[in-house]
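Here the structure comes first, spelled out in structure tokens, and everything after it is commentary.
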There are 2 protein chains.
Amino acid sequence: MSMKQIGFADVKIEGGFLGKIEQLNEKVTIGAVYDRFNETGRVRAFSCTWKEGEPDRPHIFWDSDVAKWIEGASYVLAKHPDEELTARIESVIDDIEANQWEDGYVNSYYTTIEPQNRFTVRGNHELYCCGHLIEAAVAYYESTGRDRFLKIMMKYADLVDRIFRVEHSAAFQTPGHEEIELALFRLYRCTKQEKYLTLAKFFVDQRGANTLDQPIAGGIYGIYQQDVPPREAREAVGHSVRACYFYASMADYALETGDEAMAESCRRLWEDIVTRKMYISGGIGSTCYGEAFTIPYDLPPESAYTETCAGIALIYFSQRMFLLEKDARYADVIERLLYNGVISGLSLSGDCFFYENPLEINLRNHYKIKATANQLRLPITQRVKVFGCSCCPPNLNRLLASVGDYMYAVDGDEIYVNQFAPGTARAGGIEIRTGTDYPFTGRIKISARGAAKLHVRIPGWCRRITASAAYTVENGYAVFADNTVTVDFDMPVAAIASDSRVWDNAGKIAVTRGPVVYCAEARDNGGVDLHTLTLSPGAVGAAGVLPAGPSGLPELELSAIRQLPTPGGALYYPAEESAFEVFKLRLIPYYAFANRGEDDMLVWFTRER
Amino acid sequence: MSMKQIGFADVKIEGGFLGKIEQLNEKVTIGAVYDRFNETGRVRAFSCTWKEGEPDRPHIFWDSDVAKWIEGASYVLAKHPDEELTARIESVIDDIEANQWEDGYVNSYYTTIEPQNRFTVRGNHELYCCGHLIEAAVAYYESTGRDRFLKIMMKYADLVDRIFRVEHSAAFQTPGHEEIELALFRLYRCTKQEKYLTLAKFFVDQRGANTLDQPIAGGIYGIYQQDVPPREAREAVGHSVRACYFYASMADYALETGDEAMAESCRRLWEDIVTRKMYISGGIGSTCYGEAFTIPYDLPPESAYTETCAGIALIYFSQRMFLLEKDARYADVIERLLYNGVISGLSLSGDCFFYENPLEINLRNHYKIKATANQLRLPITQRVKVFGCSCCPPNLNRLLASVGDYMYAVDGDEIYVNQFAPGTARAGGIEIRTGTDYPFTGRIKISARGAAKLHVRIPGWCRRITASAAYTVENGYAVFADNTVTVDFDMPVAAIASDSRVWDNAGKIAVTRGPVVYCAEARDNGGVDLHTLTLSPGAVGAAGVLPAGPSGLPELELSAIRQLPTPGGALYYPAEESAFEVFKLRLIPYYAFANRGEDDMLVWFTRER
């Protein structure tokens, strides 16, 4: 493997959409998540002093929440030393160190509540917490050079190795929630100690190949858990976050070992996801039941689960696939998520979150649920400051603080430019400078001193490209022999249709511009029922691009057709009597929905052919 | 009140659609339901000999199942004496008589299982069973002249009067499931005894006006039970069968007493149902949760509950409203139900049933539920011979055996013709003869000897009428001074749109011809995904009318537009690249869906403007 991403620490984003979300996270979200975790007892839990009867009983997954926050905060520290932030992290590490067991075990829940039961329940997130703490420790070490936390977690990893790989003395063999696999590959890359690679591979290989693990939850097809040997996996199934964490670790496996059967399985799974099970937002996991993938082409917009964490997990999986395959499609999916289905999990204010990211809100259905005994299950309609299961907010912390990771990669003296934002990057003797106002326009100027070739991703959405120099197209990249080029991706407003097998989108279109998916909110449209509007591809193509709204990205205005209220109030009437009017429809970027109070929202409009 | 329906016993239907379903019920369904009830212990339960540990434990609502069957069988006997049928009924009456309590109480469940607990649990269907047994006894008496059963039930009614109205000694005041109100009005009309009218009115007036009754089940709005004083009811809410049985009894109240506030409330409720809460099939009750009405315009097709019994209950309510108001709209709704959403509850073979009557089947969603842990709830896709809660089959028995009730009415020497089928009817000195092949065509020839005026319903769907004589239009009727006329209702294939507030039908149309709603099944259409088809009103208007299929009614063939499978297999792609083809779409009457094995089915198609 010679392809390497340029790490976020070597990438300076100077504005643009990605710079803005990176800054929002650093200035607001990191602090907001800490405050919520502090208020809810998650930080204090590490002191292991909770007593029965007290509030804020420690929970089995709390360690992972704080660990992801530490990971994100560490990335911030890599760029900007900050005493208060460091003190907060150090204080948690103090507690972890003080409560680490003699044999290395670290877990605030088990240590406090039921120490006698450690490693007995597969579904209790123990190795998941361990994995996130390892990732946090590596991140903190790599960002600050401080190795106390890293040593603590290496000792714990050694215990896990003994219990699971050597002694088989736990009541299960693989974790109920994947994550430790990813963490161990990372620990290996950080420490260069083979034993962690061995243990990482062990956990991947054991899956579906041991008799100790019982399937968690059910369904004859959409199992909750990945319980198939990884090289035999044919389809993405089960809990979508767990699945993609595992698939990402499978890709790590292939990256570290060159295991072609594993790489082939990764390709199959990734293709299955992005060609059959992914929303236009990039979101995955169609159902709240099991937070899971369902069957191919099942993408209901209103009940979409599309957990923020699942989108993040798909970014992790896709980035590893890019490193493995050098194909622009993987970066396309990362872009889709960064501009849509992942960033929708964060409010414009930076301190409120969605766990679920639906592609439609119909408040009448929400009213119905509240008003009747209806047990329909729909996502919430307003972002909140913290969840009971608050995995998504700190996952955004770590993703956004390291968003620079996804922009550039180097393969020898060849540069790959995957995401577009103004700024600079350096890797070895190479220096890159990018100038762009992307995604306002698709014009990107890149100069890369010390590079022999420049591979610029041609976004999957792009239909026309102009460039300042000659290029060839390889694996979705425009490949330039020059190292200073200006490329222009034509970025019209586009009407997008779904594969006709997506039954919920049949006869419908969505509106995009460049990487940005748009939606309508009723408040921008006179409160009309958005379902009564139809759009033609022609009208979409003629849309007006308006200045940036509160989202920071352009809004759109286009001519829709609106079916007028029924003549005479009849429930059913001859269709010839329907009346229509031209309706000026205002659209905002999808990711910015639900930032101004509860409202109806729609992405997929009935199509006028 | 001078308007009277001509009872089914005086109406002879000689073929046509209504004659066909009347015959199917008489020849097949009555026997099939008896056999199932016999096999499942429902008939035997009346012997009150069941012992703990034996199979077929009596259930709280079993009496009502058999009672409805007796009612239907009695209607058959009114026309055709049948010894075996009589013997079956008499045998049940023997058991009822043998097990009637000294004080008059009759209930196979309580008598057998928990005699000490009678009249203690509002939700346990005791008065509901009582009501159905009363209706059965009246029907049997009126059909055969045999009064043993009637006397048994009068004694029970007297007990109910004492317990509920005089002593207030039950643990509740009004039934959890309405029905006894209707039965008592009927018992009064049969026996002319004022006390039954008094008790019927008592139960109606007590609703929402006493402190003993606790609401059953929840929701701040769509309560399961009607718990508002009847004259104050503003909206149809809660369990749709219970609601419409109660509204029908409110209409009986208004009919018997001239209570205008009650009549006004009935009008409000009926309007609320038919202009905001009724499927195009006539079905009502949008949700399985509470088998209930939900909020206005909430009419999801695939998860539609639309219980067969609820459609029957709306027929009962509508017929009483017709008698009260002499308006053709009430008969329109009855027609809508008889040709669509009620008769869909019966297989073409006459021996299998739907409890729920959805307006869409998408087998992929059913597969998803089976294959994953998905808890989505959808109606079954194939009719079955009997249900655990098998209220609908015997309700079809009694409705279809008395379908003649809905055809004609007399007001003095004026005749109202509400439903159209060939045959004869008589009332006093009036003799009516109808000749028609309705609904193959809309031509109806009616002669009514002894009538001064002929009111012929102009169906709500009819846009053009020609007649052999001059007429005026009153309350939706063509009123002729002649007593022999031929009318011709133009019956083109029609594209029907919904009130634009029905969000599930926004941008969609359905296809009807005359009273018949049509649907597509995938098997008639090459197995294509029906969601990929769009229809224009123009193409619908140009549809070809084909000879009758297995349903006995014409099938249709029309030009739809089909979106072809996605170019290149991309999940999302520019809408301009969509390819379409003209597709010859075959439609069958909605009511006949799911008679040839599991299949996708669709009523509402995306509209091409």
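Residue names in the structure tokens use chain letters A, B, ... in the order shown, residue numbers from 1 in each chain, and ligand numbers from 1 in the order shown.
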
Next item on the list: Please provide as number ranges by chain all residues within 7 Å of stretch 566-581 of chain B, with the sequence filter that same-chain residues fewer than 5 positions apart are discarded (counting only C-alpha atoms).
Entry: A: 275-276, 494-500, 537; B: 561

Notebook entry, point to check: Can you tell me, as a PyMOL selection string, what residues are no more than 8 Å from B:Cys391 when counting only C-alpha atoms, ignoring any on the same chain fewer than 5 positions away?
Noted result: chain B and resi 64-65+309

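Of the listed residues (A:Thr534, A:Ser551, A:Thr434, A:Thr372), A:Thr372 comes nearest to chain B; the distances count only C-alpha atoms.
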
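Interatomic distance, atom CA of B:Arg165 to atom CA of B:Cys48: 28.0 Å.
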
Checklist line | Selection near A:Gly285, 12 Å with only C-alpha atoms, sequence-local residues under 4 positions removed, as a ChimeraX atom specification | finding: /A:222,224,236-244,273-274,276-279,281,289-301,303-311,313-314,341,355-358 /B:374

Could you save the residues just selected, with N, CA and C atoms, as a compact mmCIF listing (two decimals), in the first residue's frame?
```txt
# COMPACT_ATOMS: atom_id res chain seq x y z
N GLY A 222 -32.66 -9.91 7.78
CA GLY A 222 -31.97 -8.71 8.22
C GLY A 222 -31.52 -8.85 9.65
N TYR A 224 -29.68 -8.51 13.08
CA TYR A 224 -29.27 -7.30 13.76
C TYR A 224 -27.75 -7.17 13.70
N ALA A 236 -25.10 -6.13 2.64
CA ALA A 236 -25.08 -5.33 3.88
C ALA A 236 -26.39 -5.57 4.63
N VAL A 237 -26.27 -6.09 5.84
CA VAL A 237 -27.46 -6.40 6.63
C VAL A 237 -27.31 -5.91 8.06
N GLY A 238 -28.44 -5.86 8.73
CA GLY A 238 -28.42 -5.60 10.17
C GLY A 238 -28.20 -4.13 10.51
N HIS A 239 -27.89 -3.92 11.76
CA HIS A 239 -27.66 -2.59 12.35
C HIS A 239 -26.62 -1.84 11.51
N SER A 240 -27.02 -0.71 10.95
CA SER A 240 -26.18 -0.11 9.91
C SER A 240 -24.89 0.51 10.45
N VAL A 241 -24.89 0.99 11.68
CA VAL A 241 -23.65 1.53 12.25
C VAL A 241 -22.68 0.38 12.52
N ARG A 242 -23.18 -0.63 13.20
CA ARG A 242 -22.32 -1.79 13.50
C ARG A 242 -21.78 -2.39 12.21
N ALA A 243 -22.68 -2.50 11.22
CA ALA A 243 -22.28 -3.09 9.95
C ALA A 243 -21.12 -2.30 9.34
N CYS A 244 -21.28 -0.99 9.24
CA CYS A 244 -20.25 -0.22 8.53
C CYS A 244 -18.98 -0.06 9.36
N ILE A 273 -24.45 -1.40 -0.73
CA ILE A 273 -24.97 -0.24 0.00
C ILE A 273 -25.29 0.90 -0.95
N VAL A 274 -24.31 1.30 -1.76
CA VAL A 274 -24.49 2.55 -2.50
C VAL A 274 -25.34 2.40 -3.75
N ARG A 276 -28.03 0.12 -3.75
CA ARG A 276 -29.34 -0.45 -3.41
C ARG A 276 -29.92 0.02 -2.07
N LYS A 277 -29.09 0.58 -1.20
CA LYS A 277 -29.57 0.82 0.17
C LYS A 277 -29.21 2.18 0.74
N MET A 278 -28.91 3.14 -0.10
CA MET A 278 -28.47 4.45 0.38
C MET A 278 -29.45 5.53 -0.07
N TYR A 279 -29.84 6.38 0.85
CA TYR A 279 -30.68 7.52 0.49
C TYR A 279 -29.88 8.51 -0.34
N SER A 281 -29.34 11.39 0.33
CA SER A 281 -28.54 12.16 1.29
C SER A 281 -27.25 11.45 1.66
N TYR A 289 -36.38 -0.12 13.27
CA TYR A 289 -36.41 -1.44 13.91
C TYR A 289 -35.06 -2.11 13.72
N GLY A 290 -34.29 -2.17 14.77
CA GLY A 290 -32.93 -2.67 14.67
C GLY A 290 -31.97 -1.64 14.10
N GLU A 291 -32.42 -0.41 13.88
CA GLU A 291 -31.57 0.66 13.31
C GLU A 291 -30.82 0.09 12.10
N ALA A 292 -31.56 -0.52 11.22
CA ALA A 292 -30.95 -1.50 10.31
C ALA A 292 -31.15 -1.20 8.83
N PHE A 293 -30.29 -1.82 8.05
CA PHE A 293 -30.55 -2.02 6.64
C PHE A 293 -31.79 -2.91 6.53
N THR A 294 -32.54 -2.75 5.45
CA THR A 294 -33.65 -3.69 5.24
C THR A 294 -33.39 -4.42 3.92
N ILE A 295 -34.37 -4.41 3.04
CA ILE A 295 -34.20 -5.11 1.77
C ILE A 295 -33.80 -4.09 0.69
N PRO A 296 -33.22 -4.56 -0.41
CA PRO A 296 -32.78 -3.63 -1.45
C PRO A 296 -33.91 -2.71 -1.92
N TYR A 297 -33.55 -1.47 -2.15
CA TYR A 297 -34.44 -0.44 -2.71
C TYR A 297 -35.55 -0.02 -1.75
N ASP A 298 -35.46 -0.42 -0.51
CA ASP A 298 -36.44 0.00 0.50
C ASP A 298 -35.93 1.29 1.14
N LEU A 299 -36.39 2.42 0.63
CA LEU A 299 -35.88 3.72 1.10
C LEU A 299 -37.03 4.69 1.38
N PRO A 300 -37.88 4.34 2.34
CA PRO A 300 -39.00 5.23 2.67
C PRO A 300 -38.49 6.56 3.24
N PRO A 301 -38.94 7.67 2.69
CA PRO A 301 -38.35 8.95 3.13
C PRO A 301 -38.79 9.41 4.51
N SER A 303 -40.08 7.74 7.21
CA SER A 303 -39.69 6.92 8.35
C SER A 303 -38.21 6.55 8.30
N ALA A 304 -37.47 7.19 7.41
CA ALA A 304 -36.03 6.90 7.28
C ALA A 304 -35.35 7.00 8.64
N TYR A 305 -34.54 6.02 8.95
CA TYR A 305 -33.81 6.08 10.21
C TYR A 305 -32.51 6.85 9.98
N THR A 306 -31.69 6.35 9.05
CA THR A 306 -30.51 7.09 8.58
C THR A 306 -29.81 7.80 9.71
N GLU A 307 -29.35 6.99 10.66
CA GLU A 307 -28.69 7.54 11.84
C GLU A 307 -27.44 8.33 11.44
N THR A 308 -27.23 9.44 12.09
CA THR A 308 -26.04 10.25 11.82
C THR A 308 -24.79 9.38 11.94
N CYS A 309 -24.72 8.55 12.96
CA CYS A 309 -23.55 7.67 13.14
C CYS A 309 -23.38 6.71 11.97
N ALA A 310 -24.48 6.28 11.37
CA ALA A 310 -24.38 5.35 10.25
C ALA A 310 -23.75 6.04 9.05
N GLY A 311 -24.13 7.30 8.83
CA GLY A 311 -23.50 8.06 7.76
C GLY A 311 -22.01 8.23 8.02
N ALA A 313 -20.17 6.25 9.77
CA ALA A 313 -19.56 4.93 9.58
C ALA A 313 -19.34 4.64 8.10
N LEU A 314 -20.28 5.10 7.27
CA LEU A 314 -20.11 4.88 5.83
C LEU A 314 -18.96 5.74 5.29
N GLY A 341 -26.38 14.07 4.34
CA GLY A 341 -26.95 13.18 5.36
C GLY A 341 -26.20 13.05 6.66
N TYR A 355 -30.43 12.40 15.62
CA TYR A 355 -29.95 11.02 15.62
C TYR A 355 -30.41 10.40 14.30
N GLU A 356 -31.69 10.66 13.97
CA GLU A 356 -32.29 10.19 12.72
C GLU A 356 -32.37 11.37 11.75
N ASN A 357 -32.22 11.10 10.48
CA ASN A 357 -32.23 12.16 9.47
C ASN A 357 -33.22 11.81 8.36
N PRO A 358 -34.51 12.05 8.62
CA PRO A 358 -35.53 11.68 7.64
C PRO A 358 -35.43 12.53 6.39
N ASN B 374 -38.47 -5.85 11.28
CA ASN B 374 -39.36 -4.71 11.06
C ASN B 374 -40.73 -4.94 11.67
```

Margin query: Taking 3 positions as the minimum chain separation for residues in the same chain, which residues sit within 7 Å of stretch 190-204 of chain B when counting only C-alpha atoms? Answer as a PyMOL selection string.
Written below: chain B and resi 138+161+165+174+181+184-187+207+250+253

Keeping N, CA and C atoms, export the residues of the selection given above as an mmCIF file, in the first residue's frame.
```
data_model
loop_
_atom_site.group_PDB
_atom_site.id
_atom_site.type_symbol
_atom_site.label_atom_id
_atom_site.label_comp_id
_atom_site.auth_asym_id
_atom_site.auth_seq_id
_atom_site.Cartn_x
_atom_site.Cartn_y
_atom_site.Cartn_z
ATOM 1 N N VAL B 138 -84.977 -11.337 16.533
ATOM 2 C CA VAL B 138 -85.980 -10.589 15.780
ATOM 3 C C VAL B 138 -86.012 -11.071 14.327
ATOM 4 N N ASP B 161 -82.548 -4.024 31.146
ATOM 5 C CA ASP B 161 -83.268 -2.811 31.531
ATOM 6 C C ASP B 161 -83.191 -2.601 33.044
ATOM 7 N N ARG B 165 -80.734 0.335 33.608
ATOM 8 C CA ARG B 165 -81.524 1.562 33.621
ATOM 9 C C ARG B 165 -82.175 1.799 34.974
ATOM 10 N N THR B 174 -72.566 2.033 29.932
ATOM 11 C CA THR B 174 -72.781 1.861 28.489
ATOM 12 C C THR B 174 -71.804 0.803 27.985
ATOM 13 N N GLU B 181 -77.774 -0.849 21.331
ATOM 14 C CA GLU B 181 -78.663 0.278 21.027
ATOM 15 C C GLU B 181 -79.465 -0.019 19.764
ATOM 16 N N LEU B 184 -81.991 -2.768 20.345
ATOM 17 C CA LEU B 184 -83.173 -2.398 21.130
ATOM 18 C C LEU B 184 -84.158 -1.575 20.308
ATOM 19 N N PHE B 185 -83.629 -0.690 19.451
ATOM 20 C CA PHE B 185 -84.554 0.018 18.546
ATOM 21 C C PHE B 185 -85.291 -0.993 17.675
ATOM 22 N N ARG B 186 -84.566 -1.999 17.257
ATOM 23 C CA ARG B 186 -85.167 -3.010 16.393
ATOM 24 C C ARG B 186 -86.181 -3.866 17.152
ATOM 25 N N LEU B 187 -85.824 -4.187 18.387
ATOM 26 C CA LEU B 187 -86.739 -4.976 19.222
ATOM 27 C C LEU B 187 -88.027 -4.188 19.475
ATOM 28 N N ARG B 207 -74.315 7.832 27.009
ATOM 29 C CA ARG B 207 -72.922 7.844 26.527
ATOM 30 C C ARG B 207 -72.290 9.222 26.716
ATOM 31 N N MET B 250 -77.942 6.340 16.778
ATOM 32 C CA MET B 250 -78.353 7.742 16.933
ATOM 33 C C MET B 250 -79.359 8.119 15.854
ATOM 34 N N TYR B 253 -82.579 6.708 16.737
ATOM 35 C CA TYR B 253 -83.142 7.574 17.778
ATOM 36 C C TYR B 253 -83.888 8.742 17.131
#
```

Margin query: Residues of stretch 359-565 of chain B classed as alpha helix (DSSP H) by DSSP on the backbone are to be reported as a ChimeraX atom specification.
Written below: /B:363-371,392-401,537-541

Restrict the selected residues to C-alpha atoms and save them as an mmCIF file, in the first residue's frame.
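That gives us part_35.cif:
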```cif
data_model
loop_
_atom_site.group_PDB
_atom_site.id
_atom_site.type_symbol
_atom_site.label_atom_id
_atom_site.label_comp_id
_atom_site.auth_asym_id
_atom_site.auth_seq_id
_atom_site.Cartn_x
_atom_site.Cartn_y
_atom_site.Cartn_z
ATOM 1 C CA LEU B 363 -45.287 -7.527 -1.506
ATOM 2 C CA ARG B 364 -41.794 -6.141 -1.008
ATOM 3 C CA ASN B 365 -42.959 -4.460 2.157
ATOM 4 C CA HIS B 366 -44.507 -7.727 3.312
ATOM 5 C CA TYR B 367 -41.276 -9.519 2.541
ATOM 6 C CA LYS B 368 -39.384 -6.878 4.480
ATOM 7 C CA ILE B 369 -41.525 -7.473 7.531
ATOM 8 C CA LYS B 370 -41.021 -11.211 7.345
ATOM 9 C CA ALA B 371 -37.340 -10.986 6.544
ATOM 10 C CA CYS B 392 -66.662 -9.939 9.441
ATOM 11 C CA PRO B 393 -67.773 -13.215 7.807
ATOM 12 C CA PRO B 394 -71.160 -13.451 9.573
ATOM 13 C CA ASN B 395 -71.611 -9.713 9.155
ATOM 14 C CA LEU B 396 -71.356 -10.340 5.408
ATOM 15 C CA ASN B 397 -73.882 -13.150 5.835
ATOM 16 C CA ARG B 398 -76.511 -10.871 7.287
ATOM 17 C CA LEU B 399 -75.771 -7.924 5.003
ATOM 18 C CA LEU B 400 -75.828 -9.901 1.768
ATOM 19 C CA ALA B 401 -78.870 -11.977 2.709
ATOM 20 C CA PRO B 537 -56.949 11.357 -17.210
ATOM 21 C CA GLY B 538 -57.132 11.408 -21.003
ATOM 22 C CA ALA B 539 -55.786 7.885 -21.295
ATOM 23 C CA VAL B 540 -58.217 6.767 -18.624
ATOM 24 C CA GLY B 541 -61.103 8.275 -20.543
#
```

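For the residues A:Ile361, A:Ala87, A:Met154, A:Ile21, ranking by smallest atom-to-atom distance to A:Tyr339 using only C-alpha atoms places A:Ile21 first.
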
Note to self: Quick one: residues within 8 Å of stretch 462-473 of chain A, only C-alpha atoms, excluding same-chain residues fewer than 5 positions away - as a ChimeraX atom specification?
What the structure shows: /A:478-482,485-491,514

Item checked: Close residues, B:Glu521 itself excluded, 7 Å, only C-alpha atoms, min 4 positions apart in chain, as an MDAnalysis selection string -> chainID B and resid 525 599:602

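Atom CA of A:Glu135 sits 11.5 Å away from atom CA of A:Val66.
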
Checklist line | A:Ser169 environment, 12 Å, only C-alpha atoms, sequence neighbours closer than 3 positions dropped, as a count of residues only | finding: 14
